[in-house]
>>> print(open('protein.cif').read())   # mmCIF, C-alpha atoms and all ligand atoms
data_work
#
loop_
_atom_site.label_atom_id
_atom_site.label_comp_id
_atom_site.auth_asym_id
_atom_site.auth_seq_id
_atom_site.Cartn_x
_atom_site.Cartn_y
_atom_site.Cartn_z
CA MET A 268 18.70 4.22 -7.45
CA LEU A 269 16.44 5.15 -4.58
CA LYS A 270 12.75 5.23 -5.48
CA LEU A 271 11.19 7.36 -2.79
CA GLY A 272 7.84 9.06 -2.46
CA VAL A 273 5.17 10.11 -0.05
CA HIS A 274 1.39 9.93 0.14
CA VAL A 275 0.26 13.31 -1.20
CA SER A 276 -3.07 15.11 -1.22
CA ILE A 277 -5.22 15.62 -4.32
CA ALA A 278 -6.82 18.79 -2.94
CA GLY A 279 -7.56 21.26 -5.72
CA GLY A 280 -7.56 18.58 -8.42
CA ILE A 281 -5.90 15.21 -8.86
CA HIS A 282 -3.07 16.66 -11.02
CA LYS A 283 -2.02 18.91 -8.11
CA SER A 284 -0.78 15.79 -6.32
CA ILE A 285 2.04 15.47 -8.86
CA ASP A 286 3.16 19.06 -8.28
CA ARG A 287 3.26 18.30 -4.56
CA ALA A 288 5.27 15.10 -4.96
CA PHE A 289 7.61 16.73 -7.47
CA SER A 290 8.29 19.74 -5.25
CA LEU A 291 9.28 17.32 -2.47
CA GLY A 292 11.81 15.72 -4.80
CA CYS A 293 9.88 12.43 -5.05
CA ASN A 294 10.24 10.00 -7.96
CA THR A 295 7.24 7.91 -6.89
CA MET A 296 4.08 8.77 -4.98
CA GLN A 297 0.78 7.58 -3.57
CA ILE A 298 -2.65 9.21 -3.54
CA PHE A 299 -6.27 8.58 -2.74
CA ALA A 300 -7.85 9.10 -6.15
CA ARG A 301 -11.09 10.20 -4.43
CA ASN A 302 -12.42 10.91 -0.94
CA PRO A 303 -11.37 7.78 1.00
CA ARG A 304 -14.16 8.03 3.56
CA ARG A 305 -17.12 8.17 1.19
CA PHE A 306 -18.66 6.06 -1.49
CA ARG A 307 -17.98 7.20 -5.03
CA LYS A 308 -19.80 10.38 -6.04
CA GLY A 309 -18.56 10.98 -9.55
CA PHE A 310 -15.84 10.28 -12.05
CA LEU A 311 -12.72 12.07 -13.19
CA CYS A 312 -13.37 13.98 -16.40
CA LYS A 313 -11.32 13.55 -19.56
CA GLU A 314 -9.45 16.77 -18.90
CA ASP A 315 -8.44 15.64 -15.39
CA ILE A 316 -7.16 12.35 -16.74
CA GLU A 317 -5.18 13.92 -19.60
CA ASN A 318 -3.74 16.58 -17.34
CA PHE A 319 -2.65 13.99 -14.82
CA ARG A 320 -1.01 11.74 -17.40
CA LYS A 321 0.82 14.67 -18.96
CA LYS A 322 2.24 15.79 -15.63
CA VAL A 323 3.25 12.27 -14.64
CA LYS A 324 5.16 11.95 -17.87
CA ALA A 325 6.88 15.31 -17.49
CA SER A 326 7.86 14.66 -13.87
CA ALA A 327 9.02 11.06 -14.52
CA ILE A 328 7.26 9.98 -11.31
CA LYS A 329 6.91 6.22 -11.44
CA PRO A 330 5.26 4.17 -10.11
CA VAL A 331 2.10 6.08 -9.26
CA VAL A 332 0.32 4.22 -6.49
CA ILE A 333 -3.35 4.66 -5.62
CA HIS A 334 -4.62 3.73 -2.17
CA ALA A 335 -8.14 2.29 -2.18
CA PRO A 336 -10.76 4.07 -0.04
CA TYR A 337 -11.47 2.99 3.55
CA THR A 338 -15.17 2.52 2.83
CA LEU A 339 -14.46 -0.65 0.86
CA ASN A 340 -14.41 -3.95 2.73
CA LEU A 341 -13.55 -6.99 0.62
CA ALA A 342 -14.36 -9.27 3.57
CA ALA A 343 -17.79 -7.76 4.32
CA SER A 344 -20.35 -10.39 5.23
CA LYS A 345 -23.29 -8.06 4.71
CA LYS A 346 -24.47 -8.60 1.15
CA PHE A 347 -24.96 -4.96 0.22
CA LEU A 348 -21.59 -3.86 1.55
CA HIS A 349 -19.82 -6.72 -0.22
CA TRP A 350 -21.64 -5.96 -3.45
CA ILE A 351 -20.89 -2.24 -3.33
CA THR A 352 -17.24 -2.96 -2.45
CA ILE A 353 -16.82 -5.11 -5.54
CA LYS A 354 -18.63 -2.58 -7.71
CA GLU A 355 -16.59 0.37 -6.45
CA PHE A 356 -13.33 -1.55 -6.46
CA ILE A 357 -13.81 -2.29 -10.15
CA LEU A 358 -14.56 1.38 -10.87
CA ASP A 359 -11.49 2.41 -8.85
CA LEU A 360 -9.33 0.00 -10.76
CA VAL A 361 -10.68 1.22 -14.10
CA GLU A 362 -10.00 4.82 -13.10
CA ALA A 363 -6.52 3.96 -11.79
CA ASP A 364 -5.79 2.37 -15.15
CA LYS A 365 -7.13 5.43 -17.01
CA ILE A 366 -4.77 7.78 -15.18
CA GLY A 367 -1.89 5.37 -15.78
CA ALA A 368 -1.29 4.28 -12.18
CA GLN A 369 0.78 1.12 -11.84
CA TYR A 370 -0.75 -0.06 -8.57
CA LEU A 371 -3.93 0.04 -6.52
CA VAL A 372 -3.20 -0.78 -2.88
CA THR A 373 -5.95 -2.24 -0.74
CA HIS A 374 -6.33 -3.61 2.75
CA THR A 375 -7.65 -7.15 3.03
CA GLY A 376 -10.74 -6.11 4.95
CA SER A 377 -12.49 -6.83 8.23
CA HIS A 378 -14.69 -9.81 9.00
CA LYS A 379 -16.43 -7.69 11.66
CA GLY A 380 -16.52 -10.51 14.18
CA VAL A 381 -18.03 -13.17 11.88
CA SER A 382 -14.89 -15.35 11.52
CA GLU A 383 -11.52 -15.20 9.77
CA ASP A 384 -12.43 -18.17 7.68
CA LYS A 385 -15.66 -16.68 6.37
CA GLY A 386 -13.99 -13.31 5.89
CA LEU A 387 -11.21 -14.80 3.80
CA LYS A 388 -13.74 -16.61 1.62
CA LYS A 389 -15.49 -13.30 1.01
CA VAL A 390 -12.17 -11.73 0.00
CA VAL A 391 -11.55 -14.54 -2.48
CA LYS A 392 -15.04 -14.17 -3.89
CA ALA A 393 -14.53 -10.44 -4.33
CA PHE A 394 -11.14 -10.82 -6.03
CA LYS A 395 -12.47 -13.49 -8.38
CA LYS A 396 -15.16 -11.12 -9.59
CA ILE A 397 -12.85 -8.10 -9.71
CA LEU A 398 -10.07 -9.87 -11.60
CA LYS A 399 -12.46 -11.43 -14.08
CA THR A 400 -14.08 -8.07 -14.89
CA THR A 401 -10.81 -6.17 -15.19
CA GLU A 402 -8.66 -8.67 -17.06
CA SER A 403 -7.53 -6.23 -19.74
CA LEU A 404 -6.32 -3.51 -17.35
CA LYS A 405 -2.67 -2.82 -16.69
CA THR A 406 -3.01 -1.51 -13.13
CA ARG A 407 -2.09 -4.20 -10.67
CA ILE A 408 -3.81 -4.76 -7.30
CA LEU A 409 -1.55 -4.93 -4.23
CA ILE A 410 -2.83 -6.23 -0.90
CA GLU A 411 -1.24 -4.46 2.04
CA ASN A 412 -0.32 -6.37 5.18
CA THR A 413 -2.11 -5.12 8.29
CA SER A 414 -1.24 -4.76 11.95
CA GLY A 415 -4.01 -7.10 13.09
CA THR A 416 -6.38 -4.66 14.75
CA LYS A 417 -9.58 -6.35 15.92
CA ASN A 418 -11.29 -8.43 13.19
CA GLN A 419 -8.85 -7.25 10.54
CA LEU A 420 -7.52 -9.82 8.08
CA GLY A 421 -4.07 -9.78 6.50
CA TYR A 422 -1.83 -9.57 9.58
CA THR A 423 -0.50 -13.06 8.93
CA PHE A 424 0.83 -14.29 5.60
CA SER A 425 -1.16 -17.48 5.90
CA HIS A 426 -4.13 -15.29 4.92
CA TYR A 427 -2.38 -14.24 1.71
CA ARG A 428 -1.36 -17.80 1.03
CA PHE A 429 -5.00 -18.87 1.32
CA ILE A 430 -6.27 -16.07 -0.92
CA LEU A 431 -3.60 -16.63 -3.58
CA LYS A 432 -4.06 -20.37 -3.60
CA GLU A 433 -7.78 -19.94 -4.21
CA LEU A 434 -6.91 -17.63 -7.11
CA ASP A 435 -4.41 -20.09 -8.63
CA PHE A 436 -1.54 -17.81 -7.62
CA THR A 437 -2.52 -15.23 -10.20
CA PRO A 438 0.29 -12.78 -11.03
CA LYS A 439 -2.37 -10.05 -11.09
CA LEU A 440 -2.31 -9.82 -7.31
CA GLY A 441 0.76 -8.37 -5.63
CA VAL A 442 1.69 -7.39 -2.10
CA CYS A 443 2.50 -4.07 -0.41
CA LEU A 444 4.46 -4.31 2.85
CA ASP A 445 3.93 -1.65 5.49
CA THR A 446 6.78 -1.47 8.02
CA ALA A 447 4.62 -0.14 10.88
CA HIS A 448 1.95 -2.80 10.31
CA THR A 449 4.62 -5.51 10.07
CA TRP A 450 6.04 -4.41 13.42
CA SER A 451 2.64 -4.23 15.13
CA ALA A 452 1.80 -7.66 13.73
CA GLY A 453 4.78 -9.04 15.66
CA TYR A 454 7.72 -9.16 13.25
CA GLU A 455 10.92 -7.70 14.67
CA ILE A 456 12.10 -6.05 11.46
CA ASN A 457 14.34 -3.53 13.19
CA ARG A 458 17.00 -6.23 13.70
CA LYS A 459 18.90 -7.88 10.86
CA GLU A 460 17.92 -11.38 11.90
CA GLY A 461 14.29 -10.42 12.42
CA LEU A 462 14.11 -8.72 9.02
CA ASP A 463 15.76 -11.68 7.28
CA ASP A 464 13.39 -14.13 8.96
CA PHE A 465 10.38 -12.02 8.03
CA LEU A 466 11.42 -11.78 4.37
CA LYS A 467 12.15 -15.51 4.24
CA MET A 468 8.65 -16.16 5.55
CA VAL A 469 7.17 -13.76 2.95
CA ASP A 470 9.07 -15.58 0.23
CA LYS A 471 7.92 -18.97 1.43
CA THR A 472 4.25 -18.03 1.71
CA VAL A 473 3.62 -15.68 -1.25
CA GLY A 474 6.96 -15.33 -3.08
CA ILE A 475 9.12 -12.26 -2.55
CA LYS A 476 8.69 -11.22 -6.21
CA ARG A 477 5.07 -10.47 -5.44
CA VAL A 478 6.12 -7.59 -3.18
CA LYS A 479 5.96 -4.46 -5.32
CA VAL A 480 5.77 -1.51 -2.91
CA ILE A 481 7.01 -0.77 0.62
CA HIS A 482 5.20 1.66 2.92
CA LEU A 483 7.83 3.19 5.19
CA ASN A 484 6.30 4.20 8.51
CA ASP A 485 7.64 4.17 12.01
CA THR A 486 5.40 3.41 15.00
CA ARG A 487 5.50 3.91 18.76
CA GLU A 488 3.27 0.89 19.35
CA GLU A 489 4.68 -2.27 20.94
CA LEU A 490 5.87 -5.22 18.89
CA GLY A 491 2.85 -7.43 18.21
CA SER A 492 0.43 -4.88 19.74
CA GLY A 493 -1.91 -5.08 16.75
CA LYS A 494 -2.21 -1.29 16.88
CA ASP A 495 -1.99 0.74 13.70
CA ARG A 496 -0.54 4.16 14.35
CA HIS A 497 2.23 5.69 12.27
CA CYS A 498 4.86 8.12 13.47
CA HIS A 499 7.83 10.01 11.97
CA ILE A 500 10.80 8.02 10.71
CA GLY A 501 13.24 7.39 13.55
CA GLU A 502 10.85 8.49 16.32
CA GLY A 503 9.32 5.07 16.89
CA LYS A 504 10.24 1.50 17.77
CA ILE A 505 11.61 0.63 14.32
CA GLY A 506 14.05 3.52 14.65
CA ILE A 507 16.83 4.87 12.48
CA ASN A 508 18.86 1.66 12.56
CA GLY A 509 15.82 -0.37 11.61
CA PHE A 510 15.13 1.82 8.58
CA ALA A 511 18.80 1.70 7.58
CA LEU A 512 18.47 -2.10 7.45
CA ILE A 513 15.13 -2.04 5.64
CA VAL A 514 15.95 0.42 2.83
CA ASN A 515 19.32 -1.21 2.15
CA HIS A 516 18.18 -4.82 2.27
CA PRO A 517 19.11 -6.50 -1.03
CA LEU A 518 15.58 -7.87 -1.43
CA LEU A 519 13.96 -4.49 -0.84
CA LYS A 520 16.30 -1.73 -1.94
CA LYS A 521 15.16 -1.67 -5.57
CA LEU A 522 11.48 -1.40 -4.65
CA PRO A 523 9.58 1.89 -4.43
CA PHE A 524 9.36 3.22 -0.85
CA ILE A 525 6.41 5.38 0.10
CA LEU A 526 6.02 7.32 3.33
CA GLU A 527 2.66 7.58 5.07
CA THR A 528 4.05 9.46 8.04
CA PRO A 529 2.07 12.18 9.88
CA ARG A 530 1.99 15.72 8.53
CA ASP A 531 1.71 17.92 11.62
CA GLU A 532 4.06 20.59 10.34
CA LYS A 533 4.67 21.69 6.77
CA THR A 534 8.27 20.51 6.93
CA ASP A 535 7.49 16.98 8.17
CA ASP A 536 7.51 15.34 4.73
CA LEU A 537 10.79 16.96 3.76
CA ARG A 538 12.38 15.89 7.03
CA ASN A 539 11.21 12.26 6.83
CA LEU A 540 12.25 12.02 3.17
CA ALA A 541 15.67 13.48 3.98
CA ILE A 542 16.25 10.85 6.67
CA ILE A 543 15.57 8.01 4.25
CA ARG A 544 17.77 9.62 1.56
CA ARG A 545 20.58 9.88 4.08
CA LEU A 546 20.23 6.22 5.12
CA TYR A 547 20.07 4.82 1.60
CA GLN A 548 23.32 3.54 0.16
CA ASP A 549 23.45 3.73 -3.61
CA GLU A 550 25.08 0.83 -5.33
CA LEU A 551 28.25 1.84 -7.06
ZN ZN B 601 0.38 1.60 4.61
#
>>> encode(input="protein.cif", output="structure tokens")
Amino acid sequence: MLKLGVHVSIAGGIHKSIDRAFSLGCNTMQIFARNPRRFRKGFLCKEDIENFRKKVKASAIKPVVIHAPYTLNLAASKKFLHWITIKEFILDLVEADKIGAQYLVTHTGSHKGVSEDKGLKKVVKAFKKILKTTESLKTRILIENTSGTKNQLGYTFSHYRFILKELDFTPKLGVCLDTAHTWSAGYEINRKEGLDDFLKMVDKTVGIKRVKVIHLNDTREELGSGKDRHCHIGEGKIGINGFALIVNHPLLKKLPFILETPRDEKTDDLRNLAIIRRLYQDEL
């Protein structure tokens, strides 16, 4: 069965996000649990948490995915920024667990021109601390692959391999694949052969079982451009045929798919969701 959702807003209260996802016919969804461009200001109250959990249960939306804020940088070389990232990441994970979210998706971070090597070591250091402090929590961290914009880590799977190896291949760390980022990082996933090769490489470096969520986004950027800009499904380089291959691939089709496509018009989400539903072939 197709597991399909969209990134929805929490405007008006975090529980409102479930109403939004439900009214779009989603059976999974993603949210920012707080303002993604600011450091944490407060905490969800007990009522918010209970309300959210109740609605999730009633709507049968699962998994609930939280996207970590942009202010966090696991690879930060500046001491204060690295420290506050770890501190806030732990609080975000605790809160994600409280509201019953299955996953917290994060980007790998930016080394800001220092060096990939040093940046990756910072990421490992951060995860060691985070995982040690949050051992008892159920919410799982997923690192999302990136397009490879300047100084950004995580555009190549050798980065994940390095991080995981340093963490003894902990099962607590999973992977989220973003189709637009994958394309911009140079993987031709809109062709059968290209998609197969990419998934083989993922399996070899991190293990395909580690992939828990797929972000479905199209992009107009060139293959390998390193540019991260999403567009509507079918209007970019991945195209309708590419998405037909992706959502029906035997290694991917049982995973939750989440759209992070633009919302210029009110009907955009419904249209993008409808395209994916049309492309998806249910197993008989
Ligand atoms: Zn994404």
>>> residues_around(input="protein.cif", residues="A:Ile507", least_positions_apart="2", cutoff="12 Å", atoms="all atoms listed in the file", output="ChimeraX atom specification")
/A:456-458,483-486,499-505,509-514,539,542-547
>>> write_last_selection(input="protein.cif", atoms="C-alpha atoms", output="mmCIF file, in the coordinates of the input")
data_model
loop_
_atom_site.group_PDB
_atom_site.id
_atom_site.type_symbol
_atom_site.label_atom_id
_atom_site.label_comp_id
_atom_site.auth_asym_id
_atom_site.auth_seq_id
_atom_site.Cartn_x
_atom_site.Cartn_y
_atom_site.Cartn_z
ATOM 1 C CA ILE A 456 12.100 -6.050 11.460
ATOM 2 C CA ASN A 457 14.340 -3.530 13.190
ATOM 3 C CA ARG A 458 17.000 -6.230 13.700
ATOM 4 C CA LEU A 483 7.830 3.190 5.190
ATOM 5 C CA ASN A 484 6.300 4.200 8.510
ATOM 6 C CA ASP A 485 7.640 4.170 12.010
ATOM 7 C CA THR A 486 5.400 3.410 15.000
ATOM 8 C CA HIS A 499 7.830 10.010 11.970
ATOM 9 C CA ILE A 500 10.800 8.020 10.710
ATOM 10 C CA GLY A 501 13.240 7.390 13.550
ATOM 11 C CA GLU A 502 10.850 8.490 16.320
ATOM 12 C CA GLY A 503 9.320 5.070 16.890
ATOM 13 C CA LYS A 504 10.240 1.500 17.770
ATOM 14 C CA ILE A 505 11.610 0.630 14.320
ATOM 15 C CA GLY A 509 15.820 -0.370 11.610
ATOM 16 C CA PHE A 510 15.130 1.820 8.580
ATOM 17 C CA ALA A 511 18.800 1.700 7.580
ATOM 18 C CA LEU A 512 18.470 -2.100 7.450
ATOM 19 C CA ILE A 513 15.130 -2.040 5.640
ATOM 20 C CA VAL A 514 15.950 0.420 2.830
ATOM 21 C CA ASN A 539 11.210 12.260 6.830
ATOM 22 C CA ILE A 542 16.250 10.850 6.670
ATOM 23 C CA ILE A 543 15.570 8.010 4.250
ATOM 24 C CA ARG A 544 17.770 9.620 1.560
ATOM 25 C CA ARG A 545 20.580 9.880 4.080
ATOM 26 C CA LEU A 546 20.230 6.220 5.120
ATOM 27 C CA TYR A 547 20.070 4.820 1.600
#
>>> residues_near_point(input="protein.cif", point="(-14.4, 1.4, 2.2)", cutoff="8 Å", atoms="only C-alpha atoms", output="list in words")
Pro303, Arg304, Arg305, Phe306, Ala335, Pro336, Tyr337, Thr338, Leu339, Asn340 and Thr352 of chain A
>>> axis_aligned_box(input="protein.cif", around="stretch 353-363 of chain A", padding_each_side="8 Å", output="AutoDock Vina command-line options")
--center_x -12.6 --center_y -0.1 --center_z -9.8 --size_x 28.1 --size_y 25.9 --size_z 24.6
>>> closest_residue(input="protein.cif", among="A:Ile353, A:Lys399, A:Val480, A:Asp495", to="A:Tyr422", atoms="all atoms listed in the file")
A:Asp495
>>> closest_residue(input="protein.cif", among="A:Ile333, A:Glu383, A:Tyr454, A:His378", to="A:Asp364", atoms="only C-alpha atoms")
A:Ile333
>>> closest_residue(input="protein.cif", among="A:Thr400, A:Ser414, A:Ser276, A:Asn515", to="ligand ZN 601 (chain B)", atoms="only C-alpha atoms and all ligand atoms")
A:Ser414
>>> atom_distance(input="protein.cif", atom1="atom CA of A:Gly367", atom2="atom CA of A:Arg320")
6.6 Å
>>> atom_distance(input="protein.cif", atom1="atom CA of A:Lys389", atom2="atom CA of A:Ser344")
7.1 Å
>>> closest_atom_pairs(input="protein.cif", of="chain A", to="ligand ZN 601 (chain B)", cutoff="10 Å", atoms="all atoms listed in the file", output="tab-separated table")
residue	atom	partner	partner_atom	distance
A:His274	CA	B:ZN601	ZN	9.5
A:His334	CA	B:ZN601	ZN	8.7
A:Val372	CA	B:ZN601	ZN	8.6
A:Thr373	CA	B:ZN601	ZN	9.1
A:His374	CA	B:ZN601	ZN	8.7
A:Glu411	CA	B:ZN601	ZN	6.8
A:Asn412	CA	B:ZN601	ZN	8.0
A:Thr413	CA	B:ZN601	ZN	8.1
A:Ser414	CA	B:ZN601	ZN	9.8
A:Cys443	CA	B:ZN601	ZN	7.9
A:Leu444	CA	B:ZN601	ZN	7.4
A:Asp445	CA	B:ZN601	ZN	4.9
A:Thr446	CA	B:ZN601	ZN	7.9
A:Ala447	CA	B:ZN601	ZN	7.8
A:His448	CA	B:ZN601	ZN	7.4
A:Thr449	CA	B:ZN601	ZN	9.9
A:Val480	CA	B:ZN601	ZN	9.8
A:Ile481	CA	B:ZN601	ZN	8.1
A:His482	CA	B:ZN601	ZN	5.1
A:Leu483	CA	B:ZN601	ZN	7.6
A:Asn484	CA	B:ZN601	ZN	7.6
A:Asp495	CA	B:ZN601	ZN	9.4
A:His497	CA	B:ZN601	ZN	8.9
A:Ile525	CA	B:ZN601	ZN	8.4
A:Leu526	CA	B:ZN601	ZN	8.1
A:Glu527	CA	B:ZN601	ZN	6.4
A:Thr528	CA	B:ZN601	ZN	9.3
>>> atom_distance(input="protein.cif", atom1="atom CA of A:His282", atom2="atom CA of A:Ile298")
10.6 Å
>>> residues_around(input="protein.cif", residues="A:Leu291", least_positions_apart="2", cutoff="10 Å", atoms="all atoms listed in the file", output="MDAnalysis selection string")
chainID A and resid 272:273 275 285:289 293:294 534 536:537 540:541
>>> residues_around(input="protein.cif", residues="A:Lys365", least_positions_apart="4", cutoff="10 Å", atoms="only C-alpha atoms", output="VMD selection string")
chain A and resid 311 313 316 to 317 319 to 320 359 to 361 404 to 406
>>> closest_residue(input="protein.cif", among="A:Leu387, A:Leu440, A:Leu358, A:Val473", to="A:Lys308", atoms="all atoms listed in the file")
A:Leu358
>>> closest_residue(input="protein.cif", among="A:His349, A:Lys329, A:Lys354, A:Arg301", to="A:Gly280", atoms="only C-alpha atoms")
A:Arg301
>>> closest_residue(input="protein.cif", among="A:Lys321, A:Lys521, A:Lys283, A:Arg307", to="A:Asp549", atoms="all atoms listed in the file")
A:Lys521
>>> residues_around(input="protein.cif", residues="stretch 427-436 of chain A", least_positions_apart="3", cutoff="10 Å", atoms="all atoms listed in the file", output="count of residues only")
28
>>> decode(input="protein.cif", residues="stretch 511-533 of chain A", atoms="N, CA and C atoms", output="mmCIF file, in the first residue's frame")
data_model
loop_
_atom_site.group_PDB
_atom_site.id
_atom_site.type_symbol
_atom_site.label_atom_id
_atom_site.label_comp_id
_atom_site.auth_asym_id
_atom_site.auth_seq_id
_atom_site.Cartn_x
_atom_site.Cartn_y
_atom_site.Cartn_z
ATOM 1 N N ALA A 511 7.826 7.495 -11.774
ATOM 2 C CA ALA A 511 7.167 6.195 -11.931
ATOM 3 C C ALA A 511 8.145 5.086 -11.559
ATOM 4 N N LEU A 512 9.402 5.237 -11.961
ATOM 5 C CA LEU A 512 10.423 4.237 -11.627
ATOM 6 C C LEU A 512 10.702 4.225 -10.125
ATOM 7 N N ILE A 513 10.843 5.413 -9.567
ATOM 8 C CA ILE A 513 11.226 5.540 -8.153
ATOM 9 C C ILE A 513 10.152 4.956 -7.223
ATOM 10 N N VAL A 514 8.907 5.378 -7.402
ATOM 11 C CA VAL A 514 7.867 4.938 -6.437
ATOM 12 C C VAL A 514 7.495 3.465 -6.599
ATOM 13 N N ASN A 515 7.842 2.890 -7.757
ATOM 14 C CA ASN A 515 7.511 1.470 -7.964
ATOM 15 C C ASN A 515 8.723 0.555 -7.834
ATOM 16 N N HIS A 516 9.871 1.125 -7.481
ATOM 17 C CA HIS A 516 11.062 0.284 -7.354
ATOM 18 C C HIS A 516 10.875 -0.679 -6.169
ATOM 19 N N PRO A 517 11.151 -1.960 -6.383
ATOM 20 C CA PRO A 517 10.920 -2.942 -5.313
ATOM 21 C C PRO A 517 11.630 -2.606 -3.994
ATOM 22 N N LEU A 518 12.751 -1.918 -4.075
ATOM 23 C CA LEU A 518 13.469 -1.587 -2.833
ATOM 24 C C LEU A 518 12.902 -0.341 -2.146
ATOM 25 N N LEU A 519 12.071 0.391 -2.865
ATOM 26 C CA LEU A 519 11.572 1.656 -2.311
ATOM 27 C C LEU A 519 10.070 1.687 -2.072
ATOM 28 N N LYS A 520 9.331 0.874 -2.821
ATOM 29 C CA LYS A 520 7.872 1.087 -2.871
ATOM 30 C C LYS A 520 7.133 0.871 -1.555
ATOM 31 N N LYS A 521 7.763 0.212 -0.602
ATOM 32 C CA LYS A 521 7.092 0.024 0.695
ATOM 33 C C LYS A 521 7.467 1.115 1.698
ATOM 34 N N LEU A 522 8.356 1.999 1.306
ATOM 35 C CA LEU A 522 8.797 3.063 2.219
ATOM 36 C C LEU A 522 7.822 4.241 2.183
ATOM 37 N N PRO A 523 7.793 5.048 3.251
ATOM 38 C CA PRO A 523 6.958 6.252 3.206
ATOM 39 C C PRO A 523 7.574 7.305 2.288
ATOM 40 N N PHE A 524 6.735 7.887 1.431
ATOM 41 C CA PHE A 524 7.166 8.953 0.514
ATOM 42 C C PHE A 524 6.603 10.278 1.019
ATOM 43 N N ILE A 525 7.456 11.268 1.117
ATOM 44 C CA ILE A 525 6.987 12.578 1.571
ATOM 45 C C ILE A 525 7.384 13.666 0.584
ATOM 46 N N LEU A 526 6.395 14.462 0.197
ATOM 47 C CA LEU A 526 6.643 15.554 -0.747
ATOM 48 C C LEU A 526 7.078 16.808 -0.006
ATOM 49 N N GLU A 527 8.076 17.478 -0.586
ATOM 50 C CA GLU A 527 8.490 18.797 -0.067
ATOM 51 C C GLU A 527 8.473 19.769 -1.247
ATOM 52 N N THR A 528 7.437 19.637 -2.051
ATOM 53 C CA THR A 528 7.325 20.437 -3.272
ATOM 54 C C THR A 528 6.788 21.836 -2.929
ATOM 55 N N PRO A 529 7.005 22.811 -3.820
ATOM 56 C CA PRO A 529 6.555 24.181 -3.510
ATOM 57 C C PRO A 529 5.035 24.267 -3.330
ATOM 58 N N ARG A 530 4.615 25.292 -2.616
ATOM 59 C CA ARG A 530 3.185 25.510 -2.397
ATOM 60 C C ARG A 530 2.874 26.941 -2.828
ATOM 61 N N ASP A 531 2.817 27.148 -4.151
ATOM 62 C CA ASP A 531 2.527 28.491 -4.670
ATOM 63 C C ASP A 531 1.025 28.730 -4.699
ATOM 64 N N GLU A 532 0.316 27.684 -5.045
ATOM 65 C CA GLU A 532 -1.157 27.769 -5.100
ATOM 66 C C GLU A 532 -1.704 26.773 -4.093
ATOM 67 N N LYS A 533 -2.925 27.043 -3.651
ATOM 68 C CA LYS A 533 -3.554 26.162 -2.659
ATOM 69 C C LYS A 533 -3.681 24.720 -3.136
#
